[in-house]
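Just input_29.txt here, compact mmCIF, C-alpha atoms:
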```txt
# COMPACT_ATOMS: atom_id res chain seq x y z
CA MET A 144 -10.10 77.08 119.85
CA ARG A 145 -6.88 77.74 117.92
CA ILE A 146 -7.40 78.33 114.22
CA SER A 147 -4.07 78.63 112.43
CA ARG A 148 -3.67 81.24 109.72
CA ARG A 149 -2.23 78.66 107.35
CA ILE A 150 -5.42 76.59 107.45
CA ILE A 151 -7.67 79.52 106.65
CA LEU A 152 -5.32 80.48 103.83
CA ALA A 153 -5.48 76.93 102.52
CA LEU A 154 -9.23 77.25 102.18
CA MET A 155 -8.87 80.61 100.49
CA LEU A 156 -6.62 79.35 97.70
CA GLY A 157 -8.49 79.78 94.47
CA ALA A 158 -11.68 80.72 96.30
CA ALA A 159 -13.55 84.00 96.17
CA PRO A 160 -15.63 85.19 99.17
CA VAL A 161 -19.25 84.13 99.03
CA ALA A 162 -21.88 86.71 99.87
CA GLY A 163 -24.96 85.75 101.80
CA SER A 164 -26.55 85.57 105.19
CA GLY A 165 -25.10 83.72 108.16
CA ILE A 166 -24.79 79.97 107.75
CA ALA A 167 -26.16 77.75 110.49
CA LEU A 168 -23.53 75.53 112.04
CA ASP A 169 -25.79 72.66 113.04
CA ALA A 170 -23.77 69.47 112.75
CA ILE A 171 -26.71 67.46 111.42
CA PRO A 172 -29.41 69.10 109.31
CA GLY A 173 -32.68 69.51 111.13
CA LYS A 174 -33.53 69.20 114.79
CA PRO A 175 -32.77 66.00 116.71
CA ASP A 176 -35.66 63.59 116.71
CA ALA A 177 -37.59 64.03 119.94
CA GLY A 178 -37.90 60.28 120.13
CA LEU A 179 -34.14 60.03 120.46
CA ALA A 180 -33.90 62.05 123.65
CA VAL A 181 -31.41 60.42 125.98
CA THR A 182 -32.74 59.35 129.33
CA GLN A 183 -30.36 60.03 132.18
CA PRO A 184 -28.83 56.66 133.08
CA ALA A 185 -28.18 55.52 136.60
CA ALA A 186 -24.54 55.68 137.60
CA PRO A 187 -22.93 52.35 136.62
CA ALA A 188 -21.63 50.32 139.53
CA LEU A 189 -17.94 49.53 139.31
CA PRO A 190 -16.15 46.52 140.77
CA SER A 191 -13.38 46.82 143.32
CA GLN A 192 -10.25 45.15 142.06
CA GLY A 193 -9.08 44.33 145.55
CA LEU A 194 -5.88 46.35 145.36
CA THR A 195 -4.81 47.25 148.88
CA ALA A 196 -3.29 50.54 149.91
CA GLN A 197 -0.04 48.68 150.57
CA ALA A 198 -0.03 47.27 147.05
CA LEU A 199 -0.83 50.62 145.53
CA LYS A 200 2.12 52.19 147.37
CA LYS A 201 4.60 49.49 146.49
CA SER A 202 6.30 51.21 143.58
CA ALA A 203 6.60 54.48 145.50
CA ALA A 204 9.25 53.00 147.76
CA THR A 205 11.58 52.28 144.85
CA SER A 206 10.69 55.04 142.41
CA ALA A 207 13.13 57.87 141.82
CA ALA A 208 10.10 60.16 142.01
CA ALA A 209 9.15 58.74 145.42
CA PRO A 210 8.70 62.07 147.29
CA SER A 211 6.13 63.47 144.85
CA LEU A 212 4.60 60.04 144.31
CA ASN A 213 4.23 59.56 148.05
CA SER A 214 2.47 62.89 148.32
CA LEU A 215 0.05 61.90 145.61
CA GLN A 216 -0.49 58.50 147.21
CA TYR A 217 -1.25 60.13 150.55
CA ALA A 218 -3.78 62.49 149.00
CA ALA A 219 -5.31 59.70 146.93
CA GLU A 220 -5.76 57.47 149.96
CA GLY A 221 -7.54 60.39 151.59
CA GLY A 222 -10.03 60.37 148.72
CA HIS A 223 -8.75 63.40 146.81
CA PRO A 224 -10.03 62.96 143.22
CA VAL A 225 -7.34 65.13 141.62
CA ALA A 226 -4.59 63.02 143.17
CA GLN A 227 -6.39 59.83 142.16
CA TRP A 228 -6.71 61.12 138.60
CA LYS A 229 -3.04 62.10 138.39
CA LEU A 230 -1.95 58.71 139.69
CA GLY A 231 -4.31 56.94 137.31
CA ARG A 232 -2.82 58.81 134.36
CA MET A 233 0.73 58.16 135.59
CA TYR A 234 0.13 54.41 135.75
CA ALA A 235 -1.81 54.38 132.47
CA ASP A 236 1.00 56.22 130.65
CA GLY A 237 4.00 54.85 132.54
CA ASP A 238 4.87 58.43 133.47
CA GLY A 239 7.44 58.28 136.29
CA VAL A 240 6.22 54.83 137.35
CA ILE A 241 6.09 51.36 135.82
CA GLN A 242 3.14 51.28 133.45
CA ASP A 243 0.27 49.37 135.07
CA ASP A 244 -3.21 49.52 133.53
CA LEU A 245 -4.81 47.64 136.40
CA ARG A 246 -3.64 50.20 138.92
CA ALA A 247 -4.80 52.97 136.63
CA PHE A 248 -8.19 51.26 136.37
CA GLU A 249 -8.39 51.07 140.16
CA TYR A 250 -7.77 54.78 140.60
CA PHE A 251 -10.29 55.73 137.91
CA SER A 252 -12.80 53.36 139.54
CA ARG A 253 -12.35 55.07 142.91
CA ILE A 254 -13.17 58.42 141.37
CA ALA A 255 -16.22 57.09 139.53
CA ASN A 256 -17.59 55.20 142.53
CA ALA A 257 -17.18 58.12 144.93
CA HIS A 258 -18.26 60.99 142.69
CA ALA A 259 -20.67 59.62 140.07
CA GLU A 260 -23.56 61.66 141.44
CA ASP A 261 -21.63 64.89 141.97
CA SER A 262 -23.15 67.91 140.28
CA PRO A 263 -21.99 68.43 136.68
CA SER A 264 -21.04 71.94 137.80
CA ALA A 265 -18.88 70.73 140.68
CA PRO A 266 -15.18 71.68 140.54
CA GLN A 267 -14.15 68.05 140.08
CA ALA A 268 -16.82 67.22 137.47
CA THR A 269 -14.38 67.21 134.55
CA ILE A 270 -12.11 64.75 136.35
CA VAL A 271 -15.05 62.49 137.21
CA ALA A 272 -16.28 62.50 133.62
CA ASN A 273 -12.78 61.78 132.33
CA ALA A 274 -12.52 58.86 134.75
CA PHE A 275 -15.67 57.34 133.26
CA VAL A 276 -14.21 57.81 129.77
CA ALA A 277 -10.96 56.12 130.80
CA LEU A 278 -12.90 53.20 132.31
CA GLY A 279 -14.99 52.88 129.15
CA ARG A 280 -11.87 52.65 127.03
CA TYR A 281 -10.45 49.95 129.27
CA TYR A 282 -13.69 48.00 128.94
CA LEU A 283 -13.54 48.28 125.16
CA ASN A 284 -10.32 46.27 124.99
CA GLY A 285 -9.98 44.69 128.42
CA ILE A 286 -6.78 44.52 130.47
CA PRO A 287 -4.59 41.48 129.73
CA ASN A 288 -4.04 39.02 132.57
CA SER A 289 -6.71 40.62 134.76
CA LYS A 290 -10.39 40.35 135.61
CA ILE A 291 -11.15 43.29 133.33
CA LYS A 292 -12.33 41.65 130.10
CA ALA A 293 -13.43 43.33 126.90
CA ASP A 294 -17.08 44.24 127.34
CA THR A 295 -18.62 46.56 124.76
CA GLU A 296 -21.88 47.01 126.65
CA ARG A 297 -20.04 47.93 129.82
CA ALA A 298 -18.00 50.43 127.84
CA ARG A 299 -21.21 51.86 126.43
CA GLU A 300 -22.55 52.35 129.97
CA MET A 301 -19.46 54.30 130.98
CA PHE A 302 -19.51 56.52 127.90
CA SER A 303 -23.26 57.04 128.09
CA TYR A 304 -23.14 58.21 131.68
CA ALA A 305 -20.29 60.66 131.09
CA ALA A 306 -21.86 61.87 127.84
CA SER A 307 -25.38 62.45 129.14
CA TYR A 308 -24.91 63.41 132.79
CA PHE A 309 -21.66 65.35 132.58
CA GLY A 310 -21.93 66.37 128.91
CA ASN A 311 -18.36 65.23 128.30
CA ALA A 312 -17.35 65.69 124.66
CA ASP A 313 -14.83 62.82 124.61
CA ALA A 314 -17.50 60.47 125.96
CA GLN A 315 -19.95 61.72 123.34
CA TYR A 316 -17.40 60.97 120.62
CA ASP A 317 -16.61 57.50 121.96
CA LEU A 318 -20.31 56.75 122.34
CA ALA A 319 -20.96 57.92 118.78
CA ARG A 320 -18.25 55.59 117.47
CA LEU A 321 -19.83 52.65 119.27
CA TYR A 322 -23.19 53.34 117.66
CA LEU A 323 -21.78 54.10 114.21
CA LYS A 324 -19.19 51.32 114.02
CA THR A 325 -21.44 48.48 115.16
CA PRO A 326 -21.54 46.00 112.22
CA ASP A 327 -25.29 45.37 112.57
CA ALA A 328 -26.19 48.92 113.56
CA SER A 329 -29.87 49.70 113.14
CA ARG A 330 -31.26 52.92 111.71
CA ASP A 331 -31.86 54.20 115.24
CA ASP A 332 -28.30 53.25 116.24
CA PHE A 333 -27.02 55.38 113.40
CA ARG A 334 -29.27 58.30 114.33
CA TYR A 335 -28.11 58.12 117.94
CA GLY A 336 -24.50 57.96 116.80
CA ALA A 337 -24.87 60.91 114.45
CA ARG A 338 -26.54 62.94 117.19
CA TRP A 339 -23.74 62.28 119.69
CA LEU A 340 -21.12 62.96 117.02
CA GLY A 341 -22.69 66.32 116.24
CA LEU A 342 -22.84 67.30 119.90
CA ALA A 343 -19.17 66.43 120.41
CA ALA A 344 -18.12 68.28 117.26
CA GLN A 345 -20.01 71.40 118.31
CA LYS A 346 -18.11 71.33 121.61
CA GLY A 347 -14.78 71.34 119.78
CA GLN A 348 -13.84 67.66 120.08
CA HIS A 349 -11.50 67.50 117.09
CA GLN A 350 -11.78 63.75 116.47
CA ALA A 351 -15.56 64.07 116.30
CA GLN A 352 -15.14 67.03 113.96
CA ALA A 353 -12.92 64.94 111.70
CA MET A 354 -15.27 61.98 111.64
CA LEU A 355 -18.32 64.16 111.04
CA GLY A 356 -16.43 66.09 108.38
CA GLN A 357 -15.56 62.88 106.55
CA MET A 358 -19.15 61.71 106.63
CA LEU A 359 -20.58 65.01 105.41
CA PHE A 360 -17.97 65.60 102.73
CA ASN A 361 -18.29 62.08 101.31
CA GLY A 362 -22.04 61.74 101.83
CA ASP A 363 -21.42 58.67 103.99
CA ARG A 364 -24.90 57.77 105.29
CA LEU A 365 -25.65 61.49 105.56
CA PRO A 366 -26.81 63.91 102.86
CA ARG A 367 -23.62 65.20 101.25
CA GLN A 368 -22.64 68.68 102.40
CA ALA A 369 -19.15 69.15 101.03
CA ALA A 370 -18.57 72.66 102.33
CA ARG A 371 -19.77 71.86 105.85
CA GLY A 372 -17.71 68.70 105.86
CA LEU A 373 -14.65 70.64 104.78
CA MET A 374 -15.23 73.16 107.56
CA TRP A 375 -15.25 70.41 110.20
CA LEU A 376 -12.18 68.77 108.69
CA THR A 377 -10.37 72.11 108.72
CA LEU A 378 -11.11 72.62 112.40
CA ALA A 379 -10.05 69.05 113.18
CA ARG A 380 -6.81 69.29 111.21
CA ASP A 381 -5.76 72.44 113.00
CA ASN A 382 -6.14 70.76 116.40
CA ALA A 383 -4.97 67.23 115.63
CA ALA A 384 -2.11 65.71 117.58
CA PRO A 385 1.09 64.94 115.62
CA ASP A 386 0.30 61.21 115.55
CA GLU A 387 -3.27 61.67 114.27
CA THR A 388 -2.27 61.31 110.64
CA TRP A 389 -5.72 60.04 109.67
CA ILE A 390 -7.15 63.50 110.34
CA ARG A 391 -4.58 65.29 108.21
CA GLU A 392 -4.98 62.72 105.43
CA SER A 393 -8.77 63.13 105.49
CA TYR A 394 -8.39 66.90 105.26
CA ASN A 395 -5.88 66.65 102.41
CA ARG A 396 -8.14 64.37 100.40
CA ALA A 397 -11.12 66.66 100.91
CA ILE A 398 -9.32 69.91 100.09
CA ALA A 399 -7.95 68.34 96.91
CA ARG A 400 -11.43 67.28 95.78
CA ALA A 401 -13.30 70.39 96.90
CA SER A 402 -14.55 72.85 94.32
CA ASP A 403 -13.84 76.57 94.54
CA ASP A 404 -17.40 77.11 95.76
CA ASP A 405 -16.96 74.42 98.43
CA ARG A 406 -13.80 76.11 99.68
CA ALA A 407 -15.35 79.56 99.71
CA THR A 408 -18.44 78.41 101.57
CA ALA A 409 -16.35 76.41 104.02
CA LEU A 410 -14.29 79.51 104.70
CA GLN A 411 -17.41 81.52 105.44
CA MET A 412 -18.67 78.77 107.76
CA LEU A 413 -15.30 78.69 109.48
CA GLU A 414 -15.40 82.44 110.07
CA HIS A 415 -18.89 82.13 111.59
CA TRP A 416 -17.67 79.29 113.79
CA VAL A 417 -14.71 81.29 115.10
CA GLN A 418 -16.88 84.33 115.73
CA GLY A 419 -19.48 82.22 117.52
CA ARG A 420 -16.83 80.77 119.84
CA LYS A 421 -15.67 84.26 120.73
CA ASN A 422 -19.17 85.48 121.64
```
Representation of the structure as structure tokens:
Amino acid sequence: MRISRRIILALMLGAAPVAGSGIALDAIPGKPDAGLAVTQPAAPALPSQGLTAQALKKSAATSAAAPSLNSLQYAAEGGHPVAQWKLGRMYADGDGVIQDDLRAFEYFSRIANAHAEDSPSAPQATIVANAFVALGRYYLNGIPNSKIKADTERAREMFSYAASYFGNADAQYDLARLYLKTPDASRDDFRYGARWLGLAAQKGQHQAQAMLGQMLFNGDRLPRQAARGLMWLTLARDNAAPDETWIRESYNRAIARASDDDRATALQMLEHWVQGRKN
């Protein structure tokens, strides 16, 4: 976890150190409700899109990156999950190939279908979990002009499996957003969402940290904890991508509103967080 010196200094402006014992870094006050324990879901079945090996190799023949692409295609056809993941990302991003979400979906589906029950400690577990996350995001919005239609419940299945079986932080964040952003969310939906958000934030998922920080700082459906919220927003801001302006804006609004005591306590929490990650 990279914590920039400028962010810590920003918290220190106008703030004096606060004495006291160590501050717990639980994302949500109190222990998770035992009644909200997540039952391990069965691996979701994924459809085959009927893309043949010949169709999948079509662009390789004309691509300027054909030699390396052909090597990846060969490994992918042999069932190598790393090659399948790389090709899926290439087609999803249009990186060296013509952007094609359906082909990306097919590669991610191959990984998920073949490796869903692999051990979470297996070398390829991160790739498998990320494939489920990618599939969930495709199901959220669908793929235009294809059989893959927007299906929120299907997306939830993908995120839930990656979040609970593989413990994937991105899946936990996406699952939290589904629970929290549902217009008619029940009280239990919110509690589930807050729990997943806290788990993702504790693992260093900066978007989850930002969202949790906003909620805690503003007292949005959670008891207001301005200092803890500011701590999460500080961590998120320091790891946000250049295009994630919403995170920086959330941090700027919070730091401007925070009291000297809030800043000092947030700084102490931040120092405990950094030390805990080192241990």
Tell me which protein, DNA and RNA residues are within 7 Å of stretch 231-237 of chain A, counting only C-alpha atoms, leaving out same-chain ones fewer than 4 positions away, and put them as a ChimeraX atom specification. /A:227,241-244,246-248,250-251
Name the closest residue to A:Ser402 among the candidates A:Val417, A:Ala305, A:Ala370, A:Ala319; distances are taken between atoms, counting all atoms listed in the file.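 Smallest separation from A:Ser402 among the options: A:Ala370.
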Take atom CA of A:Ala409 and atom CA of A:Leu373 and report the distance between them in Å, one decimal.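 Between atom CA of A:Ala409 and atom CA of A:Leu373 the gap is 6.1 Å.
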Which neighbours of stretch 261-265 of chain A fall inside 12 Å, counting all atoms listed in the file, when residues of the same chain fewer than 3 positions from it are skipped, and could you give them as a ChimeraX atom specification? /A:186,224,254-258,268-272,304-311
If you count all atoms listed in the file, the residue of A:Gln418, A:Gln357, A:Thr295, A:Gln315 closest to A:Arg380 turns out to be A:Gln357
Can you pull out the residues contacting A:Met374? Cut-off 7 Å, using all atoms listed in the file, and skip same-chain residues under 3 positions away; I want them as a PyMOL selection string. chain A and resi 370-371+377-378+409+412-413
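With distances restricted to only C-alpha atoms, A:Leu376 is the closest residue to A:Ala397 from A:Ala314, A:Ala328, A:Leu376, A:Arg338.
What separates atom CA of A:Ala312 from atom CA of A:Ala343 is a distance of 4.7 Å.
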Which residues are near A:Ala383? Cut-off 12 Å, only C-alpha atoms, ignore same chain within fewer than 3 positions. Put them as an MDAnalysis selection string. chainID A and resid 144:147 347:353 376:380 386:394
What separation in Å, quoted to one decimal, exists between atom CA of A:Leu283 and atom CA of A:Glu296?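 Those two atoms sit 8.6 Å apart.
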Counting only C-alpha atoms, the residue of A:Gly372, A:Pro287, A:Pro385, A:Gly239 that sits nearest A:Leu212: A:Gly239
